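Shown below: start.pdb, with PDB, C-alpha atoms and all ligand atoms.
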```pdb
ATOM      1  CA  MET A1219       0.000   0.000   0.000
ATOM      2  CA  ILE A1220       1.418   3.387  -1.052
ATOM      3  CA  LYS A1221       0.626   6.205   1.365
ATOM      4  CA  VAL A1222       0.151   9.675  -0.084
ATOM      5  CA  VAL A1223      -0.369  12.862   1.894
ATOM      6  CA  THR A1224      -2.120  15.460  -0.254
ATOM      7  CA  ILE A1225      -1.729  19.075   0.824
ATOM      8  CA  VAL A1226      -4.517  21.465  -0.147
ATOM      9  CA  GLY A1227      -5.608  24.771   1.292
ATOM     10  CA  ALA A1228      -7.098  27.095  -1.298
ATOM     11  CA  ARG A1229     -10.138  26.968  -3.560
ATOM     12  CA  PRO A1230      -8.379  26.108  -6.831
ATOM     13  CA  GLN A1231      -6.561  23.262  -5.073
ATOM     14  CA  PHE A1232      -9.793  21.657  -3.928
ATOM     15  CA  ILE A1233     -11.025  21.779  -7.515
ATOM     16  CA  LYS A1234      -7.825  20.229  -8.913
ATOM     17  CA  ALA A1235      -7.620  17.626  -6.150
ATOM     18  CA  SER A1236     -11.184  16.514  -6.919
ATOM     19  CA  ALA A1237     -10.005  15.037 -10.231
ATOM     20  CA  VAL A1238      -6.907  13.299  -8.903
ATOM     21  CA  SER A1239      -8.512  12.037  -5.686
ATOM     22  CA  ARG A1240     -11.273  10.412  -7.733
ATOM     23  CA  VAL A1241      -8.666   8.531  -9.752
ATOM     24  CA  ILE A1242      -6.771   7.508  -6.624
ATOM     25  CA  ARG A1243     -10.031   6.167  -5.158
ATOM     26  CA  ASP A1244     -11.431   4.513  -8.271
ATOM     27  CA  LEU A1245      -8.577   3.291 -10.418
ATOM     28  CA  HIS A1246      -5.996   1.981  -8.053
ATOM     29  CA  GLY A1247      -8.192  -0.621  -6.390
ATOM     30  CA  GLY A1248      -7.079   0.393  -2.923
ATOM     31  CA  SER A1249      -3.341   0.238  -3.650
ATOM     32  CA  VAL A1250      -2.924   3.918  -2.812
ATOM     33  CA  GLU A1251      -4.116   5.380   0.467
ATOM     34  CA  GLU A1252      -4.627   9.130   0.396
ATOM     35  CA  PHE A1253      -4.566  11.388   3.458
ATOM     36  CA  ILE A1254      -5.907  14.825   2.548
ATOM     37  CA  VAL A1255      -4.492  17.576   4.730
ATOM     38  CA  HIS A1256      -6.286  20.932   4.519
ATOM     39  CA  THR A1257      -4.045  23.734   5.740
ATOM     40  CA  GLY A1258      -7.009  26.034   6.377
ATOM     41  CA  GLN A1259      -5.646  28.767   4.063
ATOM     42  CA  HIS A1260      -9.172  29.273   2.718
ATOM     43  CA  TYR A1261     -11.614  28.769   5.538
ATOM     44  CA  ASP A1262     -14.932  30.461   4.625
ATOM     45  CA  GLU A1263     -17.596  27.840   3.976
ATOM     46  CA  ASN A1264     -18.160  29.154   0.433
ATOM     47  CA  MET A1265     -14.419  29.031  -0.330
ATOM     48  CA  SER A1266     -13.834  25.572   1.123
ATOM     49  CA  LYS A1267     -16.480  23.186   2.493
ATOM     50  CA  VAL A1268     -18.875  23.707  -0.407
ATOM     51  CA  PHE A1269     -16.222  22.324  -2.807
ATOM     52  CA  PHE A1270     -15.619  19.188  -0.736
ATOM     53  CA  ASP A1271     -19.381  18.523  -0.656
ATOM     54  CA  GLU A1272     -20.178  19.316  -4.278
ATOM     55  CA  LEU A1273     -17.118  17.717  -5.894
ATOM     56  CA  ASP A1274     -17.195  14.567  -3.738
ATOM     57  CA  ILE A1275     -13.735  15.141  -2.319
ATOM     58  CA  PRO A1276     -13.087  12.882   0.672
ATOM     59  CA  ALA A1277     -13.300  14.821   3.940
ATOM     60  CA  PRO A1278      -9.848  16.016   5.005
ATOM     61  CA  PHE A1279      -7.999  13.676   7.300
ATOM     62  CA  LEU A1280      -6.879  16.828   9.140
ATOM     63  CA  ASN A1281      -7.604  20.547   8.968
ATOM     64  CA  LEU A1282      -4.672  22.517  10.315
ATOM     65  CA  GLY A1283      -6.743  25.690  10.689
ATOM     66  CA  ILE A1284      -3.967  27.993   9.490
ATOM     67  CA  GLY A1285      -5.563  30.893   7.625
ATOM     68  CA  GLY A1286      -4.786  34.600   7.608
ATOM     69  CA  GLY A1287      -1.643  36.482   8.566
ATOM     70  CA  GLY A1288       1.243  37.558   6.365
ATOM     71  CA  HIS A1289       2.898  35.263   3.843
ATOM     72  CA  GLY A1290       5.839  34.472   6.135
ATOM     73  CA  ALA A1291       3.771  33.774   9.239
ATOM     74  CA  MET A1292       1.234  31.688   7.329
ATOM     75  CA  THR A1293       3.831  29.634   5.476
ATOM     76  CA  GLY A1294       5.927  29.176   8.618
ATOM     77  CA  ARG A1295       2.994  27.945  10.690
ATOM     78  CA  MET A1296       2.031  25.553   7.909
ATOM     79  CA  LEU A1297       5.580  24.247   7.710
ATOM     80  CA  ILE A1298       5.623  23.430  11.429
ATOM     81  CA  SER A1299       2.251  21.673  11.342
ATOM     82  CA  ILE A1300       2.792  19.789   8.075
ATOM     83  CA  GLU A1301       6.137  18.486   9.334
ATOM     84  CA  GLU A1302       4.373  17.069  12.405
ATOM     85  CA  VAL A1303       1.744  15.395  10.219
ATOM     86  CA  LEU A1304       4.370  13.885   7.923
ATOM     87  CA  LEU A1305       6.380  12.557  10.847
ATOM     88  CA  SER A1306       3.313  10.824  12.207
ATOM     89  CA  VAL A1307       1.733   9.528   8.940
ATOM     90  CA  LYS A1308       5.087   8.627   7.316
ATOM     91  CA  PRO A1309       3.843   8.824   3.730
ATOM     92  CA  ASP A1310       5.688   7.487   0.683
ATOM     93  CA  TRP A1311       4.780  10.606  -1.282
ATOM     94  CA  VAL A1312       3.505  14.124  -0.729
ATOM     95  CA  LEU A1313       1.189  15.462  -3.423
ATOM     96  CA  ILE A1314       0.940  19.224  -3.922
ATOM     97  CA  TYR A1315      -1.047  21.405  -6.317
ATOM     98  CA  GLY A1316      -0.537  24.768  -7.939
ATOM     99  CA  ASP A1317       1.202  27.735  -6.408
ATOM    100  CA  THR A1318      -0.144  28.809  -3.030
ATOM    101  CA  ASN A1319       1.560  29.128   0.348
ATOM    102  CA  SER A1320       0.111  25.686   1.158
ATOM    103  CA  THR A1321       1.931  24.296  -1.908
ATOM    104  CA  LEU A1322       5.257  25.725  -0.821
ATOM    105  CA  ALA A1323       4.862  24.666   2.816
ATOM    106  CA  GLY A1324       4.035  21.105   1.711
ATOM    107  CA  ALA A1325       7.010  21.025  -0.650
ATOM    108  CA  LEU A1326       9.484  22.310   1.934
ATOM    109  CA  ALA A1327       8.241  20.183   4.826
ATOM    110  CA  ALA A1328       8.344  17.004   2.738
ATOM    111  CA  SER A1329      11.669  17.611   0.986
ATOM    112  CA  LYS A1330      13.435  18.395   4.279
ATOM    113  CA  LEU A1331      12.252  15.017   5.550
ATOM    114  CA  ASN A1332      13.444  13.374   2.317
ATOM    115  CA  ILE A1333       9.896  12.433   1.356
ATOM    116  CA  PRO A1334       9.478  12.675  -2.422
ATOM    117  CA  VAL A1335       7.126  15.380  -3.665
ATOM    118  CA  ALA A1336       4.818  15.176  -6.682
ATOM    119  CA  HIS A1337       3.702  18.565  -8.001
ATOM    120  CA  VAL A1338       0.571  18.853 -10.119
ATOM    121  CA  GLU A1339       0.670  22.012 -12.302
ATOM    122  CA  ALA A1340       4.450  22.160 -12.317
ATOM    123  CA  GLY A1341       6.349  24.444 -14.660
ATOM    124  CA  LEU A1342       3.880  27.324 -14.930
ATOM    125  CA  ARG A1343       5.618  30.686 -14.915
ATOM    126  CA  SER A1344       4.516  34.298 -15.163
ATOM    127  CA  PHE A1345       8.155  35.500 -15.163
ATOM    128  CA  ASN A1346       7.113  38.089 -12.585
ATOM    129  CA  MET A1347       8.948  37.569  -9.315
ATOM    130  CA  ARG A1348       6.779  40.180  -7.604
ATOM    131  CA  MET A1349       3.911  37.686  -7.648
ATOM    132  CA  PRO A1350       3.884  35.554  -4.475
ATOM    133  CA  GLU A1351       2.592  32.682  -6.619
ATOM    134  CA  GLU A1352       5.682  32.816  -8.864
ATOM    135  CA  ILE A1353       8.000  32.372  -5.870
ATOM    136  CA  ASN A1354       5.872  29.451  -4.638
ATOM    137  CA  ARG A1355       5.970  27.830  -8.094
ATOM    138  CA  ILE A1356       9.714  28.085  -8.615
ATOM    139  CA  LEU A1357      10.674  26.894  -5.138
ATOM    140  CA  SER A1358       8.135  24.048  -5.093
ATOM    141  CA  ASP A1359       9.274  22.795  -8.496
ATOM    142  CA  ARG A1360      12.908  22.917  -7.447
ATOM    143  CA  VAL A1361      12.381  20.392  -4.619
ATOM    144  CA  SER A1362       9.824  18.158  -6.380
ATOM    145  CA  THR A1363      10.698  14.665  -7.623
ATOM    146  CA  LEU A1364       7.774  14.290 -10.019
ATOM    147  CA  LEU A1365       6.788  17.375 -11.973
ATOM    148  CA  PHE A1366       3.389  16.950 -13.616
ATOM    149  CA  CYS A1367       3.164  19.725 -16.205
ATOM    150  CA  PRO A1368      -0.073  20.844 -17.885
ATOM    151  CA  THR A1369       1.540  21.850 -21.198
ATOM    152  CA  ASP A1370       4.702  21.556 -23.293
ATOM    153  CA  ALA A1371       5.438  25.197 -22.514
ATOM    154  CA  ALA A1372       5.552  24.289 -18.802
ATOM    155  CA  VAL A1373       7.939  21.409 -19.583
ATOM    156  CA  LYS A1374      10.190  23.838 -21.474
ATOM    157  CA  ASN A1375      10.161  26.292 -18.558
ATOM    158  CA  LEU A1376      11.464  23.556 -16.275
ATOM    159  CA  PHE A1377      14.117  22.493 -18.773
ATOM    160  CA  ARG A1378      15.361  26.097 -18.928
ATOM    161  CA  GLU A1379      15.743  25.984 -15.136
ATOM    162  CA  GLY A1380      17.751  22.762 -15.406
ATOM    163  CA  LEU A1381      14.928  20.520 -14.190
ATOM    164  CA  THR A1382      14.830  17.596 -16.602
ATOM    165  CA  THR A1383      14.177  14.424 -14.611
ATOM    166  CA  GLY A1384      10.725  13.406 -13.454
ATOM    167  CA  VAL A1385       9.167  15.986 -15.777
ATOM    168  CA  THR A1386       6.078  14.912 -17.757
ATOM    169  CA  ASN A1387       3.354  16.694 -19.683
ATOM    170  CA  VAL A1388       0.278  14.995 -18.218
ATOM    171  CA  GLY A1389      -2.214  17.507 -19.615
ATOM    172  CA  ASP A1390      -4.141  20.076 -17.652
ATOM    173  CA  VAL A1391      -6.010  18.799 -14.613
ATOM    174  CA  MET A1392      -8.253  21.891 -14.834
ATOM    175  CA  TYR A1393      -9.286  20.746 -18.298
ATOM    176  CA  ASP A1394     -10.233  17.326 -16.900
ATOM    177  CA  VAL A1395     -12.353  19.046 -14.257
ATOM    178  CA  ALA A1396     -13.919  21.489 -16.728
ATOM    179  CA  LEU A1397     -14.976  18.614 -19.000
ATOM    180  CA  TYR A1398     -16.084  16.289 -16.206
ATOM    181  CA  TYR A1399     -18.485  18.805 -14.607
ATOM    182  CA  LYS A1400     -19.582  20.691 -17.738
ATOM    183  CA  ALA A1401     -22.843  18.883 -18.396
ATOM    184  CA  ARG A1402     -23.672  18.461 -14.715
ATOM    185  CA  ALA A1403     -23.332  22.220 -14.205
ATOM    186  CA  GLN A1404     -25.608  22.944 -17.147
ATOM    187  CA  SER A1405     -28.316  20.598 -15.943
ATOM    188  CA  GLN A1406     -28.144  21.219 -12.183
ATOM    189  CA  SER A1407     -27.247  24.865 -11.684
ATOM    190  CA  THR A1408     -30.055  27.398 -11.236
ATOM    191  CA  ILE A1409     -27.720  30.349 -10.739
ATOM    192  CA  GLN A1410     -28.836  32.314 -13.808
ATOM    193  CA  LYS A1411     -32.417  32.219 -12.596
ATOM    194  CA  ARG A1412     -31.443  33.015  -9.015
ATOM    195  CA  LEU A1413     -29.541  36.110 -10.140
ATOM    196  CA  GLY A1414     -32.332  37.094 -12.543
ATOM    197  CA  LEU A1415     -29.997  37.023 -15.556
ATOM    198  CA  GLN A1416     -30.995  37.000 -19.200
ATOM    199  CA  ASN A1417     -28.557  35.573 -21.715
ATOM    200  CA  ASP A1418     -26.350  38.576 -22.247
ATOM    201  CA  PHE A1419     -24.006  39.232 -19.339
ATOM    202  CA  ALA A1420     -20.334  39.557 -18.457
ATOM    203  CA  LEU A1421     -18.734  37.598 -15.629
ATOM    204  CA  VAL A1422     -15.945  39.050 -13.463
ATOM    205  CA  THR A1423     -13.545  37.734 -10.866
ATOM    206  CA  CYS A1424     -10.781  39.766  -9.222
ATOM    207  CA  HIS A1425      -8.584  38.754  -6.315
ATOM    208  CA  ARG A1426      -4.872  38.859  -7.260
ATOM    209  CA  ALA A1427      -2.789  40.861  -4.790
ATOM    210  CA  GLU A1428      -1.317  43.033  -7.591
ATOM    211  CA  ASN A1429      -4.851  44.177  -8.446
ATOM    212  CA  THR A1430      -6.426  44.413  -5.010
ATOM    213  CA  ASP A1431      -3.719  45.689  -2.684
ATOM    214  CA  ASP A1432      -3.009  48.980  -4.432
ATOM    215  CA  PRO A1433      -5.993  51.314  -3.816
ATOM    216  CA  ASN A1434      -5.477  53.219  -7.080
ATOM    217  CA  ARG A1435      -5.364  50.084  -9.148
ATOM    218  CA  LEU A1436      -8.414  48.613  -7.422
ATOM    219  CA  ARG A1437     -10.273  51.910  -7.918
ATOM    220  CA  SER A1438      -9.431  51.879 -11.651
ATOM    221  CA  ILE A1439     -10.732  48.341 -11.969
ATOM    222  CA  MET A1440     -13.943  49.162 -10.099
ATOM    223  CA  ILE A1441     -14.534  52.268 -12.250
ATOM    224  CA  ALA A1442     -13.940  50.260 -15.429
ATOM    225  CA  LEU A1443     -16.369  47.570 -14.291
ATOM    226  CA  SER A1444     -19.077  50.084 -13.437
ATOM    227  CA  GLU A1445     -18.633  51.668 -16.888
ATOM    228  CA  ILE A1446     -18.926  48.273 -18.595
ATOM    229  CA  ALA A1447     -22.069  47.673 -16.528
ATOM    230  CA  GLU A1448     -23.745  50.607 -18.340
ATOM    231  CA  ARG A1449     -23.732  48.432 -21.483
ATOM    232  CA  ILE A1450     -24.085  44.872 -20.269
ATOM    233  CA  PRO A1451     -25.030  43.330 -16.900
ATOM    234  CA  VAL A1452     -21.827  42.501 -14.999
ATOM    235  CA  VAL A1453     -21.930  39.587 -12.551
ATOM    236  CA  PHE A1454     -19.220  39.682  -9.897
ATOM    237  CA  PRO A1455     -18.846  36.892  -7.290
ATOM    238  CA  VAL A1456     -16.676  38.820  -4.857
ATOM    239  CA  HIS A1457     -13.683  37.083  -3.269
ATOM    240  CA  PRO A1458     -13.533  37.745   0.519
ATOM    241  CA  ARG A1459     -10.217  39.606   0.373
ATOM    242  CA  THR A1460     -11.429  41.803  -2.488
ATOM    243  CA  ARG A1461     -14.623  42.590  -0.601
ATOM    244  CA  LYS A1462     -12.632  43.614   2.454
ATOM    245  CA  LEU A1463     -10.271  45.849   0.466
ATOM    246  CA  VAL A1464     -13.091  47.424  -1.562
ATOM    247  CA  ASN A1465     -14.677  48.396   1.767
ATOM    248  CA  ASP A1466     -11.380  49.482   3.375
ATOM    249  CA  TYR A1467     -10.542  51.744   0.411
ATOM    250  CA  GLY A1468     -14.038  53.297   0.299
ATOM    251  CA  LEU A1469     -14.861  51.850  -3.137
ATOM    252  CA  ALA A1470     -18.098  50.043  -2.229
ATOM    253  CA  MET A1471     -20.245  52.493  -4.249
ATOM    254  CA  TYR A1472     -18.715  51.157  -7.481
ATOM    255  CA  LEU A1473     -20.262  47.781  -6.756
ATOM    256  CA  ASP A1474     -23.763  49.295  -6.846
ATOM    257  CA  ARG A1475     -24.060  49.026 -10.620
ATOM    258  CA  LEU A1476     -22.864  45.417 -10.661
ATOM    259  CA  ILE A1477     -24.691  42.212  -9.836
ATOM    260  CA  ILE A1478     -22.596  41.092  -6.913
ATOM    261  CA  CYS A1479     -22.798  37.855  -4.969
ATOM    262  CA  ASP A1480     -20.710  35.776  -2.582
ATOM    263  CA  PRO A1481     -18.125  33.391  -4.057
ATOM    264  CA  LEU A1482     -20.052  30.719  -5.937
ATOM    265  CA  PRO A1483     -19.946  26.964  -5.651
ATOM    266  CA  PHE A1484     -18.072  25.431  -8.575
ATOM    267  CA  LEU A1485     -21.057  24.143 -10.573
ATOM    268  CA  ASP A1486     -22.754  27.562 -10.420
ATOM    269  CA  MET A1487     -19.495  29.230 -11.425
ATOM    270  CA  ILE A1488     -18.849  27.077 -14.484
ATOM    271  CA  ALA A1489     -22.531  27.238 -15.457
ATOM    272  CA  LEU A1490     -22.224  31.048 -15.528
ATOM    273  CA  GLU A1491     -18.922  30.881 -17.388
ATOM    274  CA  GLN A1492     -20.474  28.777 -20.132
ATOM    275  CA  GLU A1493     -23.431  31.153 -20.558
ATOM    276  CA  SER A1494     -21.558  34.454 -20.307
ATOM    277  CA  ARG A1495     -20.848  36.692 -23.297
ATOM    278  CA  MET A1496     -17.425  37.553 -21.913
ATOM    279  CA  ILE A1497     -15.272  36.926 -18.877
ATOM    280  CA  LEU A1498     -13.056  39.536 -17.225
ATOM    281  CA  THR A1499     -10.681  37.981 -14.737
ATOM    282  CA  ASP A1500      -7.323  37.922 -13.013
ATOM    283  CA  SER A1501      -7.767  34.283 -11.992
ATOM    284  CA  GLY A1502      -5.467  31.667 -13.462
ATOM    285  CA  GLY A1503      -8.198  29.035 -13.308
ATOM    286  CA  VAL A1504     -11.050  31.161 -14.632
ATOM    287  CA  GLN A1505      -9.037  32.351 -17.650
ATOM    288  CA  LYS A1506      -8.308  28.733 -18.525
ATOM    289  CA  GLU A1507     -11.950  27.733 -18.144
ATOM    290  CA  ALA A1508     -12.958  30.641 -20.404
ATOM    291  CA  PHE A1509     -10.589  29.230 -23.028
ATOM    292  CA  PHE A1510     -11.839  25.642 -22.532
ATOM    293  CA  TYR A1511     -15.467  26.748 -22.948
ATOM    294  CA  GLY A1512     -14.676  29.054 -25.874
ATOM    295  CA  ILE A1513     -15.743  32.279 -24.139
ATOM    296  CA  LYS A1514     -14.140  35.637 -24.979
ATOM    297  CA  LYS A1515     -11.993  36.785 -22.109
ATOM    298  CA  LEU A1516     -10.053  39.777 -20.870
ATOM    299  CA  ILE A1517      -7.282  39.196 -18.357
ATOM    300  CA  PHE A1518      -6.203  42.032 -16.087
TER     301      PHE A1518
HETATM  302  N1  LIG A1601     -14.399  29.622  -8.790
HETATM  303  C1  LIG A1601     -15.558  29.212  -8.149
HETATM  304  N2  LIG A1601     -16.379  30.171  -7.617
HETATM  305  C2  LIG A1601     -16.107  31.510  -7.703
HETATM  306  C3  LIG A1601     -14.923  31.914  -8.372
HETATM  307  C4  LIG A1601     -14.084  30.946  -8.904
HETATM  308  O1  LIG A1601     -15.848  28.015  -8.070
HETATM  309  O2  LIG A1601     -16.906  32.318  -7.187
HETATM  310  C5  LIG A1601     -13.520  28.600  -9.365
HETATM  311  C6  LIG A1601     -13.223  28.795 -10.823
HETATM  312  O3  LIG A1601     -14.221  28.222 -11.637
HETATM  313  C7  LIG A1601     -11.871  28.119 -10.966
HETATM  314  C8  LIG A1601     -11.230  28.345  -9.622
HETATM  315  O4  LIG A1601     -12.274  28.707  -8.723
HETATM  316  O5  LIG A1601     -12.014  26.733 -11.166
HETATM  317  C9  LIG A1601     -10.222  29.427  -9.700
HETATM  318  O6  LIG A1601      -9.783  29.743  -8.425
HETATM  319  P1  LIG A1601      -9.159  31.155  -8.047
HETATM  320  O7  LIG A1601      -9.596  32.189  -9.027
HETATM  321  O8  LIG A1601      -9.459  31.373  -6.605
HETATM  322  O9  LIG A1601      -7.590  30.898  -8.115
HETATM  323  P2  LIG A1601      -6.504  30.887  -9.286
HETATM  324  O10 LIG A1601      -6.970  29.962 -10.357
HETATM  325  O11 LIG A1601      -6.331  32.289  -9.756
HETATM  326  O12 LIG A1601      -5.277  30.381  -8.606
END
```
Please express the file's structure as structure tokens.
Amino acid sequence: MIKVVTIVGARPQFIKASAVSRVIRDLHGGSVEEFIVHTGQHYDENMSKVFFDELDIPAPFLNLGIGGGGHGAMTGRMLISIEEVLLSVKPDWVLIYGDTNSTLAGALAASKLNIPVAHVEAGLRSFNMRMPEEINRILSDRVSTLLFCPTDAAVKNLFREGLTTGVTNVGDVMYDVALYYKARAQSQSTIQKRLGLQNDFALVTCHRAENTDDPNRLRSIMIALSEIAERIPVVFPVHPRTRKLVNDYGLAMYLDRLIICDPLPFLDMIALEQESRMILTDSGGVQKEAFFYGIKKLIF
């Protein structure tokens, strides 16, 4: 029996893990035992629990409850707790996803204990070291044994950094998820009706630190969205950190012209994506889904 500890903590990781955990459960006939460890990085019910329920992800073996705080404090606390978990579970592998602080903490804790790390979504690069995600990606890839890349471009990025062994293009796990849930979202989601939407609308997400943390930049985005909303209804499921900063910076009035809602469960989100006329986003996952579903998109 191979023991795998999977580290997740943020919304996109739950979505990605749903595809791989299903395969671990279904295809390996019990030869792989998975222990899902949730760091607690995303803790609101609509950013976390709803995904476990809706996407049939096994309940986490442990929730470390580490959310909030600065990057250093959060990553450090995760490192301490994940190391304790790994020492007690003694897994053969640690599985990490994407590019969050939970990814990096999992990679560091495991590699320092000489436990091999498998990284799903390895090799992605923005070539912008000011993005916290870029630092997490580069460092996590450097200490990973198996690097599961979504594209040939990601493989090439790793080769340029001298990482050539254990590197495979396995295809994009987000594409697997987008295809797997596409029809179910169309048939089950009632979100368009609940929001009172006709067919013509734009869908927005915004949560990247580069866009939200600078008040002037966030103001520009909010003004642009309220101008677009004069022409076409704009639906905006607001990420908790964006909502907080919009309020802190006194920008809440710009939301008045938009159709705002809390972060959506995944099936509602991809149902809206498929029906929208265009998608405006700074999300890595949402821009990919827009491409998969053939929707026009603008990335900011
Ligand atoms: N998502 C969701 N509900 C929302 C907004 C996004 O289910 O209200 C999904 C979206 O469909 C995509 C993923 O969350 O699969 C993207 O996550 P996020 O934008 O938080 O992170 P990123 O992809 O930028 O790392």
Within 8 Å of Val1335 (chain A) using only C-alpha atoms, minus same-chain residues under 3 positions, as a PDB file with C-alpha atoms, keeping the file's coordinate frame:
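Final output, saved to result.pdb:
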```
ATOM      1  CA  TRP A1311       4.780  10.606  -1.282  1.00  0.00           C
ATOM      2  CA  VAL A1312       3.505  14.124  -0.729  1.00  0.00           C
ATOM      3  CA  LEU A1313       1.189  15.462  -3.423  1.00  0.00           C
ATOM      4  CA  ILE A1314       0.940  19.224  -3.922  1.00  0.00           C
ATOM      5  CA  ALA A1325       7.010  21.025  -0.650  1.00  0.00           C
ATOM      6  CA  ALA A1328       8.344  17.004   2.738  1.00  0.00           C
ATOM      7  CA  SER A1329      11.669  17.611   0.986  1.00  0.00           C
ATOM      8  CA  VAL A1361      12.381  20.392  -4.619  1.00  0.00           C
ATOM      9  CA  SER A1362       9.824  18.158  -6.380  1.00  0.00           C
ATOM     10  CA  THR A1363      10.698  14.665  -7.623  1.00  0.00           C
ATOM     11  CA  LEU A1364       7.774  14.290 -10.019  1.00  0.00           C
TER      12      LEU A1364
END
```
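Among the candidate residues A:Lys1400, A:Lys1221, A:Arg1437, A:Lys1462, the one lying nearest to ligand LIG 1601 (chain A) is A:Lys1400, with distances computed using all atoms listed in the file.
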>> At a cut-off of 7 Å around ligand LIG 1601 (chain A), and using all atoms listed in the file, what residues come up? Please write them as a ChimeraX atom specification.
In response: /A:1229-1230,1233,1423,1455-1457,1480-1485,1487-1488,1500-1504,1507
> Using all atoms listed in the file, which of the listed residues (A:Ser1438, A:Leu1498, A:Thr1318, A:Gly1512) sits closest to Val1452 (chain A)?
Replying inline: A:Leu1498
>> Set the distance at 10 Å and use only C-alpha atoms: which residues neighbour region 1343-1349 of chain A once local chain neighbours fewer than 5 positions away are removed? I'd like the list as a ChimeraX atom specification.
In response: /A:1354-1356,1371-1372,1375-1376,1426-1428
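The environment of Val1385 (chain A) within 7 Å, counting all atoms listed in the file and disregarding residues fewer than 4 places along the same chain, consists of Leu1364, Leu1365, Phe1366 and Val1373 of chain A.
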So that I have them on file, write out the residues from the current selection with C-alpha atoms, as a compact mmCIF listing (two decimals), keeping the file's coordinate frame.
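Contents of part20.txt, as written:
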```txt
# COMPACT_ATOMS: atom_id res chain seq x y z
CA LEU A 1364 7.77 14.29 -10.02
CA LEU A 1365 6.79 17.38 -11.97
CA PHE A 1366 3.39 16.95 -13.62
CA VAL A 1373 7.94 21.41 -19.58
```
>> Let me make sure I understand: among A:Met1296, A:Ala1235, A:Met1265, A:Ile1333, which one has the smallest atom-to-atom distance to Lys1308 (chain A) if we use all atoms listed in the file?
In response: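 Of the candidates, the smallest distance to Lys1308 (chain A) is held by A:Ile1333.
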>> Please expand the PyMOL selection byres (((chain A and resi 1294) around 12) and not hetatm) into the concrete residues it hits in this file, giving the result as a ChimeraX atom specification.
In response: /A:1257,1284-1285,1287-1293,1295-1301,1319-1320,1322-1324,1326-1327
>> If I take CA of Ile1225 (chain A) and CA of Asp1394 (chain A), how far is one from the other in Å, to one decimal?
In response: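 According to the coordinates, CA of Ile1225 (chain A) and CA of Asp1394 (chain A) are separated by 19.7 Å.
Using all atoms listed in the file for every distance, the candidate list A:His1260, A:Lys1506, A:Pro1350, A:Asn1434 yields A:Lys1506 as the residue closest to Pro1368 (chain A).
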> Rounded to one decimal in Å, what is the spacing between CA of Asn1332 (chain A) and CA of Leu1305 (chain A)?
Replying inline: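 Result for CA of Asn1332 (chain A) versus CA of Leu1305 (chain A): 11.1 Å, one decimal.
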>> To test your reading of the syntax: which residues would the PyMOL selection byres (((chain A and resi 1406) around 12) and not hetatm) return for the file shown? Reply as a ChimeraX atom specification.
In response: /A:1272,1399-1405,1407-1411,1483-1490
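Using only C-alpha atoms, the smallest distance between any of A:Pro1458, A:Leu1273, A:Tyr1393, A:Ser1236 and Tyr1511 (chain A) comes from A:Tyr1393.
If you look at CA of Arg1495 (chain A) and CA of Asp1418 (chain A), they are 5.9 Å away from each other.
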> Quick one: which residues end up in the PyMOL selection byres (((chain A and resi 1447) around 10) and not hetatm) for this structure, as a list in words?
Replying inline: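 Given this file, the PyMOL selection byres (((chain A and resi 1447) around 10) and not hetatm) evaluates to Phe1419, Ala1420, Ile1441, Ala1442, Leu1443, Ser1444, Glu1445, Ile1446, Glu1448, Arg1449, Ile1450, Pro1451, Val1452, Val1453, Leu1473, Asp1474, Arg1475, Leu1476 and Ile1477 of chain A.
Taking only C-alpha atoms into account, Lys1234 (chain A) lies nearest to A:Tyr1315 out of the set A:Tyr1261, A:Tyr1315, A:Phe1253, A:Phe1279.
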